[in-house]
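Coordinates as given in run00.cif (mmCIF, C-alpha atoms):
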```cif
data_final
#
loop_
_atom_site.label_atom_id
_atom_site.label_comp_id
_atom_site.auth_asym_id
_atom_site.auth_seq_id
_atom_site.Cartn_x
_atom_site.Cartn_y
_atom_site.Cartn_z
CA MET A 26 -163.02 193.99 38.79
CA LEU A 27 -165.43 192.52 41.33
CA ARG A 28 -166.33 195.94 42.70
CA ALA A 29 -166.71 197.37 39.20
CA ALA A 30 -169.20 194.59 38.42
CA GLY A 31 -171.22 195.44 41.51
CA VAL A 32 -170.21 192.39 43.54
CA GLY A 33 -170.30 193.17 47.25
CA LEU A 34 -172.00 192.63 50.59
CA GLY A 35 -174.29 189.59 50.65
CA ASP A 36 -172.82 188.06 47.50
CA GLU A 37 -170.86 184.82 47.22
CA VAL A 38 -167.94 184.30 44.85
CA VAL A 39 -166.69 180.80 43.97
CA VAL A 40 -162.90 180.53 44.10
CA PRO A 41 -160.26 177.77 44.29
CA ALA A 42 -158.69 176.84 47.62
CA PHE A 43 -155.64 175.36 45.88
CA GLY A 44 -153.39 178.37 45.39
CA ASN A 45 -152.60 181.76 46.78
CA VAL A 46 -154.74 183.39 49.43
CA GLU A 47 -154.88 186.68 47.49
CA VAL A 48 -157.92 185.64 45.45
CA ALA A 49 -160.02 184.95 48.56
CA GLU A 50 -158.68 188.16 50.12
CA ALA A 51 -159.79 190.16 47.07
CA VAL A 52 -163.30 188.72 47.36
CA ALA A 53 -163.41 189.62 51.06
CA MET A 54 -162.12 193.13 50.33
CA ALA A 55 -165.03 193.60 47.92
CA GLY A 56 -167.37 192.72 50.80
CA ALA A 57 -168.40 189.34 49.40
CA MET A 58 -167.97 185.82 50.78
CA PRO A 59 -165.45 183.45 49.13
CA VAL A 60 -166.89 179.97 48.57
CA PHE A 61 -164.35 177.25 47.79
CA ALA A 62 -164.82 174.65 45.05
CA ASP A 63 -162.65 171.66 44.21
CA ILE A 64 -160.11 171.43 41.41
CA ASP A 65 -159.57 169.18 38.42
CA PRO A 66 -156.72 166.80 39.41
CA VAL A 67 -155.02 167.16 36.02
CA THR A 68 -155.08 170.93 35.46
CA TYR A 69 -155.16 171.99 39.14
CA CYS A 70 -157.74 174.61 38.10
CA LEU A 71 -161.38 174.88 39.20
CA ASP A 72 -163.49 171.92 38.14
CA ALA A 73 -166.66 173.08 36.38
CA SER A 74 -168.83 170.40 38.00
CA ALA A 75 -167.55 171.34 41.45
CA VAL A 76 -168.25 175.00 40.74
CA GLU A 77 -171.80 174.20 39.66
CA ALA A 78 -172.35 172.23 42.89
CA ALA A 79 -171.13 175.22 44.92
CA VAL A 80 -173.54 177.72 43.32
CA THR A 81 -176.34 179.07 45.51
CA PRO A 82 -178.92 181.82 44.95
CA ARG A 83 -176.38 184.24 46.48
CA THR A 84 -173.58 183.37 44.05
CA ALA A 85 -172.65 186.39 41.95
CA ALA A 86 -169.32 185.41 40.36
CA VAL A 87 -166.61 182.81 39.81
CA VAL A 88 -162.89 183.62 39.81
CA VAL A 89 -160.98 181.13 37.65
CA VAL A 90 -157.23 180.89 38.22
CA HIS A 91 -155.07 179.31 35.52
CA ARG A 92 -152.39 177.29 37.27
CA PHE A 93 -148.77 176.27 36.54
CA GLY A 94 -149.09 177.05 32.83
CA ARG A 95 -152.25 175.01 32.31
CA LEU A 96 -155.59 176.58 31.39
CA ALA A 97 -158.84 175.83 33.16
CA ASP A 98 -161.76 174.46 31.15
CA ILE A 99 -162.87 178.01 30.52
CA ALA A 100 -165.46 177.09 27.87
CA ARG A 101 -167.43 174.99 30.35
CA LEU A 102 -167.05 177.61 33.07
CA HIS A 103 -168.27 180.42 30.81
CA ALA A 104 -171.19 178.24 29.71
CA LEU A 105 -172.03 177.65 33.37
CA GLY A 106 -171.80 181.39 34.02
CA ALA A 107 -174.16 182.09 31.13
CA ARG A 108 -176.71 179.52 32.39
CA GLN A 109 -176.60 180.75 35.98
CA GLY A 110 -176.18 184.46 35.27
CA LEU A 111 -172.75 184.59 36.92
CA LEU A 112 -169.80 186.84 36.26
CA VAL A 113 -166.77 184.69 35.31
CA LEU A 114 -163.39 186.35 35.89
CA GLU A 115 -160.04 184.85 34.92
CA GLN A 116 -156.71 185.31 36.65
CA GLY A 117 -153.84 184.29 34.40
CA GLU A 118 -150.12 183.97 34.88
CA SER A 119 -147.59 186.38 33.43
CA GLU A 120 -146.82 185.63 29.80
CA ALA A 121 -143.29 184.54 28.93
CA PRO A 122 -141.62 185.08 25.54
CA HIS A 123 -142.28 182.32 23.01
CA ASP A 124 -138.65 181.20 22.90
CA GLU A 125 -138.59 180.84 26.68
CA ILE A 126 -141.78 178.78 26.62
CA ALA A 127 -140.29 176.58 23.89
CA GLN A 128 -137.19 175.97 26.00
CA ARG A 129 -139.27 175.12 29.07
CA ARG A 130 -141.32 172.68 27.00
CA GLU A 131 -138.13 171.07 25.75
CA ARG A 132 -136.87 170.57 29.31
CA ALA A 133 -140.28 169.34 30.44
CA ALA A 134 -140.29 166.75 27.63
CA TYR A 135 -136.88 165.54 28.81
CA LEU A 136 -138.16 165.13 32.36
CA ASP A 137 -141.33 163.42 31.11
CA ALA A 138 -139.21 160.82 29.34
CA LYS A 139 -136.62 160.24 32.06
CA LEU A 140 -138.31 160.54 35.46
CA ARG A 141 -139.33 157.38 37.30
CA GLY A 142 -141.33 156.92 40.48
CA VAL A 143 -143.21 160.22 40.28
CA ARG A 144 -146.29 161.16 38.27
CA THR A 145 -145.33 163.72 35.65
CA PRO A 146 -147.71 166.52 34.58
CA ASP A 147 -150.16 166.12 31.73
CA ASP A 148 -148.94 168.15 28.74
CA GLY A 149 -152.32 168.93 27.19
CA ASP A 150 -153.92 172.22 26.16
CA GLY A 151 -150.73 174.08 25.33
CA HIS A 152 -149.02 173.68 28.72
CA THR A 153 -146.42 176.47 29.10
CA TYR A 154 -144.78 174.95 32.20
CA GLN A 155 -144.73 178.03 34.39
CA GLN A 156 -144.00 175.30 36.91
CA TYR A 157 -143.21 171.61 36.33
CA VAL A 158 -145.38 169.97 38.97
CA VAL A 159 -145.09 166.26 39.70
CA ARG A 160 -146.93 164.09 42.19
CA VAL A 161 -144.99 161.99 44.66
CA PRO A 162 -146.78 158.70 45.28
CA GLY A 163 -146.99 157.08 48.69
CA ASN A 164 -148.67 158.26 51.84
CA GLY A 165 -149.29 161.89 50.96
CA ARG A 166 -147.51 164.76 52.65
CA PRO A 167 -145.01 162.76 54.78
CA ASP A 168 -143.63 161.00 51.71
CA ARG A 169 -143.70 164.14 49.55
CA ASP A 170 -141.88 166.19 52.18
CA ALA A 171 -139.26 163.46 52.72
CA PHE A 172 -138.79 163.23 48.95
CA ALA A 173 -138.32 167.01 48.70
CA ARG A 174 -135.73 167.05 51.49
CA ALA A 175 -133.78 164.22 49.89
CA VAL A 176 -133.82 165.87 46.44
CA ARG A 177 -132.58 169.15 47.94
CA ALA A 178 -129.82 167.26 49.73
CA ARG A 179 -128.67 166.10 46.29
CA GLY A 180 -128.34 169.70 45.13
CA VAL A 181 -131.63 170.07 43.27
CA GLU A 182 -133.92 172.98 44.12
CA CYS A 183 -137.59 172.12 44.40
CA ARG A 184 -140.60 173.65 46.09
CA VAL A 185 -144.01 172.71 47.41
CA PRO A 186 -146.38 174.79 45.25
CA VAL A 187 -149.26 174.97 47.77
CA LYS A 188 -148.32 174.26 51.37
CA THR A 189 -151.76 174.90 52.89
CA PRO A 190 -155.03 175.14 50.94
CA VAL A 191 -156.83 178.42 51.58
CA HIS A 192 -159.83 176.73 53.23
CA ARG A 193 -157.43 175.47 55.94
CA LEU A 194 -156.02 178.92 56.77
CA PRO A 195 -157.36 180.44 60.01
CA GLU A 196 -158.89 183.51 58.35
CA PHE A 197 -160.78 181.47 55.72
CA ARG A 198 -161.34 178.16 57.50
CA ARG A 199 -164.32 176.29 56.07
CA CYS A 200 -165.84 172.89 56.77
CA VAL A 201 -166.02 171.83 53.14
CA SER A 202 -165.09 168.64 51.28
CA LEU A 203 -162.38 169.32 48.69
CA PRO A 204 -160.70 165.93 48.22
CA GLU A 205 -158.76 166.76 45.04
CA THR A 206 -157.49 170.01 46.56
CA GLU A 207 -156.34 168.21 49.71
CA ARG A 208 -154.68 165.45 47.71
CA ALA A 209 -152.87 167.89 45.45
CA ALA A 210 -151.61 169.91 48.42
CA ASP A 211 -150.22 166.71 49.97
CA GLU A 212 -148.61 165.19 46.87
CA THR A 213 -147.38 167.94 44.53
CA LEU A 214 -143.81 169.13 44.10
CA ALA A 215 -142.45 171.66 41.60
CA LEU A 216 -139.15 170.71 39.97
CA PRO A 217 -136.88 173.12 38.06
CA VAL A 218 -137.71 173.56 34.39
CA ASP A 219 -136.65 177.13 33.59
CA ALA A 220 -134.90 177.99 30.37
CA THR A 221 -131.50 178.64 31.99
CA LEU A 222 -131.00 174.97 32.96
CA THR A 223 -128.23 173.15 31.13
CA LYS A 224 -128.29 169.53 30.02
CA ARG A 225 -126.09 168.67 32.99
CA ASP A 226 -128.59 170.38 35.30
CA MET A 227 -131.40 168.33 33.82
CA GLN A 228 -129.43 165.11 34.23
CA ARG A 229 -128.79 166.01 37.88
CA ILE A 230 -132.54 166.50 38.48
CA VAL A 231 -133.36 163.13 36.93
CA SER A 232 -130.59 161.35 38.81
CA ALA A 233 -131.64 162.83 42.16
CA CYS A 234 -135.32 162.00 41.69
CA ASN A 235 -134.85 158.54 40.22
CA ALA A 236 -132.56 157.53 43.06
CA LEU A 237 -135.55 158.05 45.36
CA GLY A 238 -138.63 157.48 43.28
CA GLY A 239 -138.46 153.70 43.29
CA LEU A 240 -138.37 153.66 47.07
CA LEU A 241 -141.78 155.31 47.38
CA GLN A 242 -144.55 152.88 46.57
CA PRO A 243 -148.22 153.84 46.26
CA ALA A 244 -150.24 153.25 49.40
CA PHE A 245 -152.79 150.43 49.26
#
```

Mind turning this structure into structure tokens?
Amino acid sequence: MLRAAGVGLGDEVVVPAFGNVEVAEAVAMAGAMPVFADIDPVTYCLDASAVEAAVTPRTAAVVVVHRFGRLADIARLHALGARQGLLVLEQGESEAPHDEIAQRRERAAYLDAKLRGVRTPDDGDGHTYQQYVVRVPGNGRPDRDAFARAVRARGVECRVPVKTPVHRLPEFRRCVSLPETERAADETLALPVDATLTKRDMQRIVSACNALGGLLQPAF
């Protein structure tokens, strides 16, 4: 899509650093330079104000990635693209059947109501819960990683959604300030929420997390 739009050598393309490296790789394959902008801490998608701050005369496009079942503020981003004359591309997640989304939302609502000691995801803008991503309070990555190990030891599968932001990878290393991206990479953990989980499975998740959550206090 970038090549078809004429984006190439000498152009810059604004992309998120919180997520998979493939987006930055696609920009590089088109001959352009990926420029990283910070995310909104609620949606984990590109923040429109951060994108605007990253725009230079060489900026040709923005690639917006919808994350974890939440949509970016695409209206603001398209308005920014129109003002600045930028191509705005969207990368979405695979669509699930409506009944599966409804079941995931039901399980997410259960976790929202029962979990203690972690920050549950915001459910706005038609969240489809491709992943149920919580934040583990405390001292960032050490506490989050310890929490994840302890939850797994109690028989609950969980995963760190973004282990290393793209701007910290050797091939795309940039000296850029992305505080919300860094914080999200250090604090986030994806808990199971898929439609196959039984009520007993959900109770096990809550029990495992709540046994630990109260032990992790926010850093002051």

Check: Quick one: distance from CA of Asp219 in chain A to CA of Gln128 in chain A in Å, one decimal?
Finding: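 Between CA of Asp219 in chain A and CA of Gln128 in chain A the gap works out to 7.7 Å.
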
Notebook entry, point to check: Rounded to one decimal in Å, what is the spacing between CA of Phe43 in chain A and CA of Ile64 in chain A?
Noted result: 7.4 Å

Next item on the list: Using only C-alpha atoms, find the one residue out of A:Glu182, A:Asp98, A:Glu212, A:Asp63 that sits nearest to Ala78 in chain A.
Entry: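 The answer is A:Asp63, which sits nearest to Ala78 in chain A.
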
Item checked: Selected residue, from A:Cys70, A:Cys200, A:Leu237, A:Val187, that lies nearest to Gly163 in chain A when counting all atoms listed in the file ->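 Closest residue, counting all atoms listed in the file: A:Leu237.
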
Next item on the list: Could you tell me which residues the PyMOL selection byres ((chain A and resi 158) around 8) grabs in this file, written as an MDAnalysis selection string?
Entry: chainID A and resid 93 145:146 156:157 159:160 186 213:216

Next item on the list: Translate the PyMOL selection byres ((chain A and resi 171) around 12), as applied to the file shown, into an explicit residue set as a PyMOL selection string.
Entry: chain A and resi 161-170+172-178+185+211-212+214+234+237-238+240-241
